[in-house]
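Written out below as structure tokens is the structure these notes cover.
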Amino acid sequence: MKRVFLFVLTNLAVLFVLGIAARLLGVDRFLDQNGLNLGALLAFSAVFGMGGAFISLLLSKWMALRATGAQLIGQPKSNAEAWLLQTVSHHAQAAGIGMPQVAIFPSDTPNAFATGARRDAALVAVSEGLLRGMNRDEVEAVLGHEISHVANGDMVTLTLIQGVVNTFVLFLSRLVGYWVDRVVLRNERGHGMGFFLTTMVAQLLFGVIASL
């Protein structure tokens, strides 16, 4: 769940930035020059939605490390870290993937996650609470589970699903923004600030609802 939460959080941030970029570049203006073009809006939403999801995937390791405060294990400083690296390596070899980066993040709650854009360049992180609260057999089972996510390409699958969700989030948020701008605020020339603000709020709201 932590892996999914971090990915969705990154995705929402990326979509917000892409929305601002579209506004600054004037992309939105081409969608309703002769009335709202639903086909063009859907194409725009698909390109930005899928693009945002894959940008989130590429940023997933960096964002996960920053969000959790995880520290990568380079040279092990203790027997526990050496065992952790060895166990991850064993599972990675058994799964036929490259050795992931391994990290420990500060949290009293037993937790672990794996992320990364490629099977051979993933990240596996465990919490301090998991290492303290579980015996080695239990930790090994958790690590095997996380490695299976990497081997099965679950992050790519999640990205594709998120890309479809993003498409509809962008599409619906801009429909709401257009309606508020034209019907409620009665703006008939271009896109007003009402369109931009409404679109951003709707985009955030729809994005949160879709991730629940």
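Labels used: A, B, ... for chains in the order of the structure tokens, numbers from 1 for residues in each chain, and numbers from 1 for ligands as shown.
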
Do you know which residues are at most 9 Å from stretch 95-101 of chain A counting only C-alpha atoms, after dropping those on the same chain fewer than 5 positions away, and could you put them as a list of chain:residue names?
->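 These residues fall inside the cut-off: A:Leu72, A:Ile73, A:Gly74, A:Leu85, A:Val88, A:Ser89, A:His90, A:Ala114, A:Arg119, A:Asp120, A:Ala121, A:Ala122, A:Leu123, A:Val124, A:Ala125, A:Ile147, A:Ser148, A:Val150, A:Ala151.
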
Contacts of A:Val169 at 7 Å (only C-alpha atoms; same-chain gap of 6+ positions) as a VMD selection string = chain A and resid 203 206 to 207

Export of the given selection (C-alpha atoms) as a PDB file, in the first residue's frame:
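And here's again_3.pdb as it stands now:
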ATOM      1  CA  GLN A 203      -8.355  18.025 -11.025  1.00  0.00           C
ATOM      2  CA  PHE A 206     -11.132  14.061  -8.945  1.00  0.00           C
ATOM      3  CA  GLY A 207      -7.586  12.751  -8.584  1.00  0.00           C
TER       4      GLY A 207
END

Interatomic distance (Å, one decimal) between atom CA of A:Leu18 and atom CA of A:Phe5 |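 Distance reported for this atom pair: 19.9 Å.
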
Top pick for closest residue to A:Ala21, considering A:Phe48, A:Asn152, A:Pro76, A:Leu57 and counting only C-alpha atoms |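 Using only C-alpha atoms, A:Ala21 sits closest to A:Phe48.
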
Atom CA of A:Pro106 to atom CA of A:Phe54, straight-line distance in Å =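 Atom CA of A:Pro106 lies 27.8 Å from atom CA of A:Phe54.
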
Distance query A:Asn11 at most 10 Å, only C-alpha atoms, self and fewer than 2 positions along chain excluded, as a PyMOL selection string = chain A and resi 5-9+13-17+49+52-57+59-60+159+162-163+166+207

Write the residues of the selection above to a file with N, CA, C and O atoms, as a CSV table (one decimal), in the first residue's frame.
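Final output, result24.csv:
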chain,number,residue,atom,x,y,z
A,5,PHE,N,0.5,4.4,-2.5
A,5,PHE,CA,0.3,5.8,-2.0
A,5,PHE,C,1.4,6.8,-2.5
A,5,PHE,O,1.0,7.9,-2.9
A,6,LEU,N,2.6,6.4,-2.4
A,6,LEU,CA,3.7,7.2,-2.9
A,6,LEU,C,3.6,7.5,-4.4
A,6,LEU,O,3.8,8.6,-4.8
A,7,PHE,N,3.2,6.5,-5.1
A,7,PHE,CA,3.1,6.7,-6.6
A,7,PHE,C,1.9,7.6,-6.9
A,7,PHE,O,2.1,8.5,-7.7
A,8,VAL,N,0.8,7.4,-6.2
A,8,VAL,CA,-0.4,8.3,-6.5
A,8,VAL,C,-0.1,9.7,-6.1
A,8,VAL,O,-0.4,10.7,-6.8
A,9,LEU,N,0.6,9.9,-4.9
A,9,LEU,CA,1.0,11.3,-4.5
A,9,LEU,C,1.9,11.9,-5.5
A,9,LEU,O,1.7,13.1,-5.8
A,13,ALA,N,1.1,15.3,-8.0
A,13,ALA,CA,2.0,16.5,-8.1
A,13,ALA,C,2.4,16.7,-9.5
A,13,ALA,O,2.4,17.9,-10.0
A,14,VAL,N,2.7,15.7,-10.3
A,14,VAL,CA,3.1,15.8,-11.7
A,14,VAL,C,2.0,16.4,-12.5
A,14,VAL,O,2.2,17.3,-13.3
A,15,LEU,N,0.7,15.9,-12.3
A,15,LEU,CA,-0.4,16.4,-13.0
A,15,LEU,C,-0.6,17.9,-12.7
A,15,LEU,O,-1.0,18.6,-13.6
A,16,PHE,N,-0.4,18.3,-11.5
A,16,PHE,CA,-0.6,19.7,-11.1
A,16,PHE,C,0.4,20.5,-11.9
A,16,PHE,O,0.0,21.6,-12.4
A,17,VAL,N,1.6,20.1,-11.9
A,17,VAL,CA,2.7,20.8,-12.7
A,17,VAL,C,2.4,20.9,-14.2
A,17,VAL,O,2.5,21.9,-14.8
A,49,GLY,N,-2.3,12.7,-19.6
A,49,GLY,CA,-2.6,11.7,-18.6
A,49,GLY,C,-1.6,10.6,-18.6
A,49,GLY,O,-1.0,10.2,-17.5
A,52,GLY,N,1.9,12.0,-17.8
A,52,GLY,CA,2.1,12.2,-16.3
A,52,GLY,C,2.3,11.0,-15.5
A,52,GLY,O,3.1,11.0,-14.6
A,53,ALA,N,1.6,9.9,-15.9
A,53,ALA,CA,1.8,8.6,-15.2
A,53,ALA,C,3.2,8.1,-15.4
A,53,ALA,O,3.8,7.6,-14.4
A,54,PHE,N,3.7,8.2,-16.6
A,54,PHE,CA,5.0,7.6,-16.8
A,54,PHE,C,6.1,8.5,-16.3
A,54,PHE,O,7.2,8.0,-15.8
A,55,ILE,N,5.9,9.8,-16.2
A,55,ILE,CA,6.9,10.7,-15.5
A,55,ILE,C,6.9,10.3,-14.0
A,55,ILE,O,8.0,10.3,-13.4
A,56,SER,N,5.7,10.1,-13.5
A,56,SER,CA,5.6,9.7,-12.1
A,56,SER,C,6.4,8.4,-11.8
A,56,SER,O,7.1,8.2,-10.8
A,57,LEU,N,6.3,7.5,-12.8
A,57,LEU,CA,7.0,6.2,-12.6
A,57,LEU,C,8.5,6.4,-12.6
A,57,LEU,O,9.3,5.8,-11.8
A,59,LEU,N,10.1,9.0,-11.7
A,59,LEU,CA,10.5,9.7,-10.5
A,59,LEU,C,10.2,8.9,-9.2
A,59,LEU,O,10.5,9.4,-8.1
A,60,SER,N,9.6,7.7,-9.4
A,60,SER,CA,9.1,7.0,-8.2
A,60,SER,C,10.2,6.7,-7.2
A,60,SER,O,10.0,6.8,-6.0
A,159,THR,N,1.1,2.0,-13.5
A,159,THR,CA,1.3,3.2,-14.3
A,159,THR,C,0.2,3.3,-15.4
A,159,THR,O,-0.3,4.3,-15.7
A,162,GLN,N,-3.1,4.1,-13.9
A,162,GLN,CA,-3.1,5.5,-13.5
A,162,GLN,C,-3.2,6.4,-14.7
A,162,GLN,O,-3.8,7.4,-14.6
A,163,GLY,N,-2.6,6.0,-15.8
A,163,GLY,CA,-2.6,6.8,-17.0
A,163,GLY,C,-4.1,6.9,-17.5
A,163,GLY,O,-4.5,8.0,-18.0
A,166,ASN,N,-5.9,9.2,-15.1
A,166,ASN,CA,-5.5,10.6,-15.3
A,166,ASN,C,-6.2,11.2,-16.5
A,166,ASN,O,-6.6,12.3,-16.5
A,207,GLY,N,-8.7,13.6,-8.7
A,207,GLY,CA,-7.6,12.8,-8.6
A,207,GLY,C,-7.6,12.0,-7.2
A,207,GLY,O,-7.3,10.8,-7.2

Kindly give the distance, in Å, that separates atom CA of A:Thr115 and atom CA of A:Leu42, rounded to a single decimal.
->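 Pair atom CA of A:Thr115 / atom CA of A:Leu42 returns 29.6 Å.
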
Which residues come within 10 Å of A:Thr198, counting only C-alpha atoms, excluding same-chain residues fewer than 6 positions away, as a list in words?
->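 Once the nearby chain positions are removed, what remains is Ser173, Arg174, Leu175, Val176, Gly177, Tyr178, Trp179, Val180, Asp181 and Leu204 of chain A.
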
Can I get the selected residues back with N, CA and C atoms, as a PDB file, in the first residue's frame?
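Done, and the output landed in out-v5.pdb:
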ATOM      1  N   SER A 173     -12.144  17.414 -15.369  1.00  0.00           N
ATOM      2  CA  SER A 173     -11.813  18.669 -14.680  1.00  0.00           C
ATOM      3  C   SER A 173     -11.878  19.847 -15.642  1.00  0.00           C
ATOM      4  N   ARG A 174     -11.492  19.639 -16.895  1.00  0.00           N
ATOM      5  CA  ARG A 174     -11.559  20.725 -17.866  1.00  0.00           C
ATOM      6  C   ARG A 174     -12.981  20.976 -18.344  1.00  0.00           C
ATOM      7  N   LEU A 175     -13.808  19.946 -18.365  1.00  0.00           N
ATOM      8  CA  LEU A 175     -15.222  20.171 -18.641  1.00  0.00           C
ATOM      9  C   LEU A 175     -15.849  21.038 -17.554  1.00  0.00           C
ATOM     10  N   VAL A 176     -15.537  20.737 -16.297  1.00  0.00           N
ATOM     11  CA  VAL A 176     -16.061  21.534 -15.187  1.00  0.00           C
ATOM     12  C   VAL A 176     -15.535  22.964 -15.263  1.00  0.00           C
ATOM     13  N   GLY A 177     -14.221  23.102 -15.537  1.00  0.00           N
ATOM     14  CA  GLY A 177     -13.630  24.426 -15.643  1.00  0.00           C
ATOM     15  C   GLY A 177     -14.257  25.239 -16.767  1.00  0.00           C
ATOM     16  N   TYR A 178     -14.506  24.590 -17.908  1.00  0.00           N
ATOM     17  CA  TYR A 178     -15.118  25.273 -19.047  1.00  0.00           C
ATOM     18  C   TYR A 178     -16.534  25.725 -18.695  1.00  0.00           C
ATOM     19  N   TRP A 179     -17.299  24.844 -18.012  1.00  0.00           N
ATOM     20  CA  TRP A 179     -18.684  25.167 -17.650  1.00  0.00           C
ATOM     21  C   TRP A 179     -18.720  26.341 -16.671  1.00  0.00           C
ATOM     22  N   VAL A 180     -17.863  26.317 -15.660  1.00  0.00           N
ATOM     23  CA  VAL A 180     -17.830  27.425 -14.699  1.00  0.00           C
ATOM     24  C   VAL A 180     -17.436  28.722 -15.391  1.00  0.00           C
ATOM     25  N   ASP A 181     -16.430  28.657 -16.261  1.00  0.00           N
ATOM     26  CA  ASP A 181     -15.930  29.860 -16.933  1.00  0.00           C
ATOM     27  C   ASP A 181     -16.981  30.465 -17.859  1.00  0.00           C
ATOM     28  N   LEU A 204      -7.544  18.182  -8.756  1.00  0.00           N
ATOM     29  CA  LEU A 204      -7.076  17.649  -7.474  1.00  0.00           C
ATOM     30  C   LEU A 204      -8.161  16.803  -6.814  1.00  0.00           C
TER      31      LEU A 204
END

Run DSSP on the backbone and give me the residues of stretch 52-202 of chain A it puts in helix (DSSP H, G or I), as a PyMOL selection string.
-> chain A and resi 52-68+79-95+128-133+136-151+154-184+193-202

List the neighbours of A:Thr109 out to 8 Å using only C-alpha atoms; skip same-chain residues closer than 6 positions along the sequence, and give me the result as a list of chain:residue names.
->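 Result of the neighbour search: A:Ser127, A:Glu128, A:Gly129, A:Leu130.
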
Store the residues of this selection in a file with N, CA, C and O atoms, as a PDB file, in the first residue's frame.
ATOM      1  N   SER A 127      11.082  -0.621   6.717  1.00  0.00           N
ATOM      2  CA  SER A 127      11.089   0.299   7.855  1.00  0.00           C
ATOM      3  C   SER A 127      11.917  -0.266   8.999  1.00  0.00           C
ATOM      4  O   SER A 127      12.118  -1.484   9.106  1.00  0.00           O
ATOM      5  N   GLU A 128      12.367   0.627   9.856  1.00  0.00           N
ATOM      6  CA  GLU A 128      13.081   0.202  11.063  1.00  0.00           C
ATOM      7  C   GLU A 128      12.173  -0.653  11.943  1.00  0.00           C
ATOM      8  O   GLU A 128      12.622  -1.618  12.573  1.00  0.00           O
ATOM      9  N   GLY A 129      10.881  -0.289  11.972  1.00  0.00           N
ATOM     10  CA  GLY A 129       9.930  -1.043  12.771  1.00  0.00           C
ATOM     11  C   GLY A 129       9.762  -2.468  12.294  1.00  0.00           C
ATOM     12  O   GLY A 129       9.574  -3.391  13.107  1.00  0.00           O
ATOM     13  N   LEU A 130       9.849  -2.681  10.995  1.00  0.00           N
ATOM     14  CA  LEU A 130       9.737  -4.038  10.465  1.00  0.00           C
ATOM     15  C   LEU A 130      10.939  -4.873  10.886  1.00  0.00           C
ATOM     16  O   LEU A 130      10.792  -6.030  11.281  1.00  0.00           O
TER      17      LEU A 130
END

Stretch 98-200 of chain A: which residues are strand (DSSP E or B) by DSSP, as JSON, numbers by chain?
-> {"A": [101, 102, 103, 104, 105, 112, 113, 114, 115, 123, 124, 125, 126, 127]}

Take the residues just selected and output them with N, CA and C atoms as a tab-separated table (two decimals), in the first residue's frame.
chain	number	residue	atom	x	y	z
A	101	GLN	N	18.32	-1.57	-5.47
A	101	GLN	CA	18.86	-0.78	-4.38
A	101	GLN	C	18.06	-1.13	-3.12
A	102	VAL	N	18.73	-1.09	-1.99
A	102	VAL	CA	18.08	-1.45	-0.73
A	102	VAL	C	18.20	-0.27	0.22
A	103	ALA	N	17.11	0.03	0.91
A	103	ALA	CA	17.11	1.18	1.82
A	103	ALA	C	16.30	0.86	3.07
A	104	ILE	N	16.60	1.60	4.13
A	104	ILE	CA	15.86	1.50	5.38
A	104	ILE	C	15.30	2.89	5.70
A	105	PHE	N	14.01	2.96	6.05
A	105	PHE	CA	13.43	4.26	6.36
A	105	PHE	C	12.93	4.29	7.80
A	112	ALA	N	7.06	-2.05	4.26
A	112	ALA	CA	8.06	-2.24	3.22
A	112	ALA	C	7.42	-1.91	1.88
A	113	PHE	N	8.24	-1.52	0.92
A	113	PHE	CA	7.71	-1.26	-0.42
A	113	PHE	C	8.83	-1.46	-1.44
A	114	ALA	N	8.41	-1.66	-2.67
A	114	ALA	CA	9.34	-1.74	-3.80
A	114	ALA	C	8.82	-0.84	-4.90
A	115	THR	N	9.71	-0.17	-5.59
A	115	THR	CA	9.29	0.71	-6.67
A	115	THR	C	10.41	0.82	-7.69
A	123	LEU	N	13.97	-0.39	-6.43
A	123	LEU	CA	14.31	-0.02	-5.06
A	123	LEU	C	13.44	-0.84	-4.13
A	124	VAL	N	14.05	-1.45	-3.13
A	124	VAL	CA	13.33	-2.15	-2.09
A	124	VAL	C	13.68	-1.48	-0.76
A	125	ALA	N	12.67	-1.04	-0.03
A	125	ALA	CA	12.90	-0.35	1.24
A	125	ALA	C	12.06	-0.98	2.34
A	126	VAL	N	12.65	-1.04	3.51
A	126	VAL	CA	11.95	-1.58	4.68
A	126	VAL	C	12.05	-0.58	5.82
A	127	SER	N	11.08	-0.62	6.72
A	127	SER	CA	11.09	0.30	7.85
A	127	SER	C	11.92	-0.27	9.00

Contacts of A:Ala46 at 9 Å (only C-alpha atoms; same-chain gap of 6+ positions) as a PyMOL selection string = chain A and resi 163-164+166-168+170-171

From the list A:Arg23, A:Leu58, A:Met155, A:His145, which residue is nearest A:Met193 when using only C-alpha atoms?
-> A:Arg23
